[in-house]
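Peer 1: One file: protein.txt (compact mmCIF, C-alpha atoms).
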```
# COMPACT_ATOMS: atom_id res chain seq x y z
CA MET A 1 95.96 101.21 105.78
CA PRO A 2 99.56 100.71 104.63
CA THR A 3 100.13 98.89 101.35
CA LEU A 4 103.23 97.19 100.00
CA ASP A 5 104.33 97.29 96.38
CA ARG A 6 107.56 96.36 94.62
CA GLN A 7 109.54 98.22 91.97
CA ASP A 8 112.27 95.88 90.76
CA ASP A 9 114.54 95.37 93.78
CA VAL A 10 112.83 98.02 95.92
CA PHE A 11 109.82 97.35 98.11
CA VAL A 12 107.72 100.50 98.60
CA LEU A 13 105.58 100.61 101.72
CA ASP A 14 102.93 103.34 101.44
CA LEU A 15 101.96 104.27 105.00
CA GLY A 16 98.62 105.77 103.96
CA ASP A 17 96.98 109.03 102.93
CA GLY A 18 95.89 110.39 106.32
CA GLU A 19 97.88 111.33 109.41
CA ASN A 20 99.21 107.76 109.48
CA ARG A 21 99.15 107.56 113.25
CA PHE A 22 100.28 104.38 114.95
CA HIS A 23 96.92 102.73 115.60
CA PRO A 24 97.35 99.06 116.64
CA ASP A 25 95.84 97.93 113.33
CA TRP A 26 98.24 100.20 111.46
CA LEU A 27 101.17 98.75 113.41
CA ALA A 28 100.04 95.22 112.59
CA SER A 29 99.79 96.09 108.90
CA VAL A 30 103.27 97.61 108.81
CA ASN A 31 104.75 94.61 110.60
CA ALA A 32 103.06 92.25 108.15
CA ALA A 33 104.65 94.18 105.29
CA LEU A 34 108.06 94.01 106.95
CA ASP A 35 107.59 90.24 107.29
CA LYS A 36 107.27 90.02 103.50
CA VAL A 37 110.34 92.17 102.95
CA GLU A 38 112.42 90.07 105.33
CA LYS A 39 111.25 86.76 103.85
CA ALA A 40 111.91 87.80 100.25
CA GLU A 41 115.05 86.47 98.63
CA GLY A 42 117.74 88.14 96.58
CA PRO A 43 118.63 91.83 96.30
CA ARG A 44 116.07 94.06 97.92
CA ALA A 45 115.66 97.33 99.81
CA LEU A 46 112.78 99.20 101.40
CA VAL A 47 111.32 102.67 100.91
CA THR A 48 108.56 103.92 103.20
CA ALA A 49 106.43 106.71 101.78
CA ALA A 50 103.01 108.26 102.18
CA THR A 51 100.40 110.16 100.22
CA GLY A 52 99.07 113.59 101.06
CA LYS A 53 99.93 116.15 103.71
CA PHE A 54 101.54 113.81 106.24
CA TYR A 55 104.26 111.18 106.34
CA SER A 56 103.25 110.33 109.90
CA ASN A 57 102.03 112.15 112.99
CA GLY A 58 103.16 109.36 115.29
CA LEU A 59 101.28 107.90 118.24
CA ASP A 60 97.51 107.52 117.99
CA LEU A 61 96.80 109.57 121.11
CA ASP A 62 93.02 109.29 120.76
CA TRP A 63 93.25 105.51 120.84
CA LEU A 64 95.81 105.60 123.63
CA PHE A 65 93.74 107.85 125.90
CA ALA A 66 90.70 105.63 125.28
CA HIS A 67 92.69 102.51 126.19
CA ALA A 68 94.85 103.75 129.06
CA ASP A 69 94.96 100.26 130.56
CA GLN A 70 96.90 99.10 127.47
CA GLN A 71 99.44 101.92 127.53
CA GLU A 72 102.51 99.83 128.30
CA ASP A 73 101.72 97.17 125.70
CA TYR A 74 101.02 99.86 123.11
CA VAL A 75 104.28 101.71 123.74
CA SER A 76 106.18 98.42 123.70
CA GLY A 77 104.64 97.68 120.30
CA VAL A 78 105.68 101.08 118.94
CA GLN A 79 109.19 100.67 120.26
CA GLU A 80 109.44 97.20 118.76
CA LEU A 81 108.59 98.68 115.36
CA LEU A 82 111.34 101.28 115.82
CA ALA A 83 113.80 98.58 116.84
CA ARG A 84 112.80 96.31 114.00
CA THR A 85 113.18 99.06 111.43
CA LEU A 86 116.55 100.11 112.85
CA SER A 87 117.91 96.56 112.56
CA LEU A 88 116.13 95.42 109.38
CA PRO A 89 118.51 93.36 107.19
CA VAL A 90 117.89 95.57 104.15
CA ILE A 91 118.72 99.18 103.39
CA THR A 92 115.80 101.43 104.33
CA VAL A 93 114.95 104.90 103.05
CA ALA A 94 112.15 107.15 104.36
CA ALA A 95 110.57 109.38 101.68
CA LEU A 96 109.23 112.33 103.67
CA GLN A 97 106.77 114.05 101.38
CA GLY A 98 104.85 115.72 104.21
CA HIS A 99 104.76 116.51 107.91
CA THR A 100 106.84 114.10 110.00
CA PHE A 101 106.12 114.56 113.69
CA ALA A 102 106.78 112.91 117.06
CA ALA A 103 106.97 109.11 116.82
CA GLY A 104 106.64 109.53 113.05
CA ALA A 105 109.90 111.49 113.14
CA MET A 106 111.46 108.78 115.30
CA PHE A 107 110.28 106.16 112.82
CA SER A 108 112.07 108.11 110.09
CA LEU A 109 115.25 108.12 112.20
CA ALA A 110 115.08 104.33 112.43
CA HIS A 111 115.63 104.23 108.66
CA ASP A 112 119.12 104.22 107.20
CA PHE A 113 118.47 107.30 105.05
CA ARG A 114 115.87 110.05 104.71
CA VAL A 115 114.78 112.13 101.72
CA MET A 116 112.61 115.16 102.51
CA ARG A 117 110.59 117.57 100.43
CA ALA A 118 112.48 120.86 100.31
CA ASP A 119 109.71 123.41 99.97
CA ARG A 120 106.96 122.36 102.37
CA GLY A 121 106.41 120.12 105.36
CA TYR A 122 108.09 119.96 108.75
CA TRP A 123 110.13 117.44 110.71
CA CYS A 124 109.49 117.92 114.43
CA LEU A 125 109.75 116.31 117.85
CA PRO A 126 106.99 118.24 119.71
CA GLU A 127 107.09 116.29 122.97
CA ALA A 128 108.31 119.25 125.07
CA GLU A 129 105.33 121.28 123.88
CA ILE A 130 102.69 118.59 124.34
CA ASN A 131 104.02 117.45 127.73
CA ILE A 132 104.79 113.88 126.76
CA PRO A 133 108.32 112.88 127.80
CA PHE A 134 110.42 110.68 125.56
CA THR A 135 110.72 107.12 126.77
CA PRO A 136 114.26 105.89 127.51
CA GLY A 137 114.15 103.88 124.28
CA MET A 138 113.01 106.81 122.19
CA SER A 139 115.65 109.07 123.72
CA ALA A 140 118.32 106.49 122.97
CA LEU A 141 117.21 106.21 119.34
CA ILE A 142 117.18 109.96 118.75
CA GLN A 143 120.55 110.52 120.38
CA ALA A 144 122.14 107.64 118.48
CA ARG A 145 120.98 108.90 115.10
CA LEU A 146 121.54 112.65 115.46
CA HIS A 147 124.48 114.91 116.20
CA PRO A 148 124.38 115.81 119.93
CA ARG A 149 123.73 119.49 119.24
CA THR A 150 120.88 118.70 116.86
CA ALA A 151 119.36 116.15 119.23
CA HIS A 152 119.53 118.68 122.07
CA GLU A 153 117.77 121.37 120.06
CA ALA A 154 115.18 119.08 118.50
CA MET A 155 114.25 117.40 121.79
CA LEU A 156 114.21 120.46 124.06
CA THR A 157 112.78 123.17 121.79
CA ALA A 158 110.33 121.22 119.60
CA ARG A 159 111.71 123.14 116.63
CA ARG A 160 109.96 122.57 113.31
CA TYR A 161 112.57 121.94 110.65
CA GLY A 162 111.76 122.62 107.01
CA GLY A 163 113.56 120.64 104.34
CA GLY A 164 116.58 122.92 104.00
CA ASP A 165 117.04 123.30 107.74
CA ALA A 166 116.60 119.57 108.24
CA LEU A 167 119.33 118.92 105.70
CA ASP A 168 121.69 121.43 107.34
CA ALA A 169 121.06 119.86 110.75
CA GLY A 170 121.69 116.33 109.50
CA LEU A 171 118.12 115.22 110.16
CA VAL A 172 117.78 114.14 106.53
CA ASP A 173 120.24 113.14 103.84
CA HIS A 174 118.59 114.88 100.89
CA ALA A 175 116.08 117.73 100.46
CA VAL A 176 114.56 117.74 96.97
CA ALA A 177 111.58 119.03 95.03
CA GLU A 178 108.18 117.50 95.83
CA ASP A 179 108.02 115.51 92.61
CA SER A 180 111.49 114.05 93.20
CA VAL A 181 111.10 112.74 96.77
CA HIS A 182 109.79 109.31 95.84
CA ALA A 183 112.14 108.81 92.90
CA LYS A 184 115.21 109.87 94.89
CA ALA A 185 114.32 107.51 97.73
CA VAL A 186 113.85 104.59 95.33
CA GLU A 187 117.13 105.46 93.61
CA LEU A 188 119.04 105.47 96.91
CA ALA A 189 117.45 102.22 98.05
CA GLY A 190 117.95 100.46 94.74
CA ALA A 191 121.65 101.32 94.66
CA GLN A 192 122.12 99.42 97.94
CA ALA A 193 119.73 96.51 97.32
CA GLY A 194 122.56 94.04 96.82
CA LYS A 195 123.62 94.41 100.44
CA ALA A 196 120.44 92.83 101.84
CA GLY A 197 120.91 89.80 104.03
CA PRO A 198 122.08 88.48 107.40
CA THR A 199 125.43 90.28 107.34
CA LEU A 200 123.76 93.68 106.98
CA GLY A 201 121.35 92.79 109.77
CA THR A 202 124.23 91.78 112.04
CA ILE A 203 126.12 94.99 111.31
CA LYS A 204 123.08 97.09 112.21
CA SER A 205 122.30 95.06 115.33
CA ARG A 206 125.84 95.42 116.62
CA MET A 207 126.10 99.09 115.66
CA TYR A 208 122.96 99.95 117.59
CA ALA A 209 123.00 97.24 120.26
CA PRO A 210 122.49 99.60 123.26
CA VAL A 211 119.59 101.37 121.50
CA LEU A 212 117.93 98.09 120.55
CA ASP A 213 118.29 96.79 124.10
CA THR A 214 116.68 99.93 125.50
CA LEU A 215 113.84 99.94 122.97
CA ARG A 216 113.14 96.30 123.74
CA THR A 217 113.43 96.63 127.50
CA LYS A 218 111.25 94.28 129.49
CA GLY A 219 108.81 95.65 132.02
CA ASN A 220 107.75 99.28 131.93
CA PRO A 221 108.93 100.87 128.65
CA LEU A 222 108.01 104.31 129.95
CA GLY A 223 110.90 104.27 132.41
```
I need this file expressed as structure tokens, please.

Peer 2:
Amino acid sequence: MPTLDRQDDVFVLDLGDGENRFHPDWLASVNAALDKVEKAEGPRALVTAATGKFYSNGLDLDWLFAHADQQEDYVSGVQELLARTLSLPVITVAALQGHTFAAGAMFSLAHDFRVMRADRGYWCLPEAEINIPFTPGMSALIQARLHPRTAHEAMLTARRYGGGDALDAGLVDHAVAEDSVHAKAVELAGAQAGKAGPTLGTIKSRMYAPVLDTLRTKGNPLG
């Protein structure tokens, strides 16, 4: 399960050492950690990271298929996490040390900045290959955070971007050696920790108001 630590002004949320799929218990743990980050006082920023082969593989499809009657509530919960991360009143940096797929990739896009390992690991939106359409909220998030050409390619072709390609496409802000991913993310976050607070949250909420409204749509989130 995710664990939260603090390095000076930077909270580090370790998402886990497995595929870090969005099981309901995992979602609850991440939200509890974000509660602590939001309630903390003074300069602060957030880095999300993981251990092992994966940053996150996204939706927990096994759980979802076994609980089809809870599909809408589950998707709403995932989209609320994306919306919350996008509008969090602290600077957020995703440290992508491993594979970042599907809703895991969308979660990374909800962060302010992304640092990816340069030599191994892929960033990918595989929905076109696995026959799961993006929800309106997910589509809005992706298109708001990526250049139109990149969003078009990533969403329609399910291309797997390595670190260098991801940097060239604007999917990530930095591509660095494996042993530098965590340190670079903490460095970026720490440099912006003094901006935490209501003003930053308001700026983000207004900047992405249409996306947040769509992610938090009432009724059927699947469209």

Peer 1: What is the CA of Ser139 (chain A) to CA of Leu81 (chain A) distance in Å?

Peer 2: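 Atom-to-atom, CA of Ser139 (chain A) and CA of Leu81 (chain A) are spaced 15.1 Å apart.
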
Peer 1: Have a look at A:Ala83, A:Ala196, A:Leu171, A:Val90 and name the one nearest to Leu141 (chain A); count all atoms listed in the file.

Peer 2: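 Among the listed residues, A:Ala83 lies closest to Leu141 (chain A).
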
Peer 1: Could you please determine the separation between CA of Asn220 (chain A) and CA of Thr48 (chain A) in Å, to one decimal place?

Peer 2: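 We find that CA of Asn220 (chain A) and CA of Thr48 (chain A) lie 29.1 Å from each other.
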
Peer 1: Calculated over only C-alpha atoms, which of the candidates A:Asp179, A:Asp165, A:Asp8, A:Glu19 has the smallest distance to Ala45 (chain A)?

Peer 2: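 Using only C-alpha atoms, Ala45 (chain A) sits closest to A:Asp8.
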
Peer 1: Choose the residue, out of A:His182, A:Lys204, A:Arg216, A:His99, that has the smallest atom-to-atom separation from Val12 (chain A); count all atoms listed in the file.

Peer 2: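 Distance minimum relative to Val12 (chain A) lands on A:His182.
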
Peer 1: Show me as a list in words the residues that reach within 8 Å of (105.0, 106.3, 100.8), counting all atoms listed in the file and using the file's own coordinates.

Peer 2: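 Residues lying no farther than 8 Å from the given point: Val12, Leu13, Asp14, Leu15, Gly16, Val47, Thr48, Ala49, Ala50, Thr51, Tyr55, Ala95, Leu96, Gln97 and His182 of chain A.
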
Peer 1: Looking at only C-alpha atoms, which of A:Met207, A:Val30, A:Asn131, A:Leu146 is the one that sits closest to Asp168 (chain A)?

Peer 2: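 The closest residue to Asp168 (chain A) is A:Leu146.
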
Peer 1: Closest to Lys195 (chain A) among A:Val115, A:Ala166, A:Ala32, A:Ile91, using all atoms listed in the file?

Peer 2: A:Ile91

Peer 1: Given all atoms listed in the file as the basis, pick out the residue of A:Phe101, A:Trp63, A:Tyr161, A:Phe22 nearest to Glu127 (chain A).

Peer 2: A:Phe101

Peer 1: Calculate how many Å separate CA of Leu215 (chain A) from CA of Leu46 (chain A), rounding to one decimal.

Peer 2: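 For CA of Leu215 (chain A) relative to CA of Leu46 (chain A), the distance reads 21.6 Å.
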
Peer 1: Find the residues near Gln71 (chain A): any atom within 12 Å, counting all atoms listed in the file, skip ones fewer than 4 places away on the same chain, and give them as a list in words.

Peer 2: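 So the residues in contact are Pro24, Leu59, Asp60, Leu61, Asp62, Trp63, Leu64, Phe65, Ala66, His67, Val75, Ser76, Gly77, Val78, Asn220, Pro221 and Leu222 of chain A.
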
Peer 1: Starting from the point (114.0, 95.8, 88.6), work out which residues of protein, DNA or RNA have an atom no more than 10 Å away when counting all atoms listed in the file; state them as a ChimeraX atom specification.

Peer 2: /A:6-10,43-44,190

Peer 1: Can you pull out every residue within 8 Å of Asn20 (chain A), counting only C-alpha atoms, but drop anything in the same chain fewer than 6 positions away, and send it as JSON, numbers by chain?

Peer 2: {"A": [26, 54, 55, 56, 57, 58]}
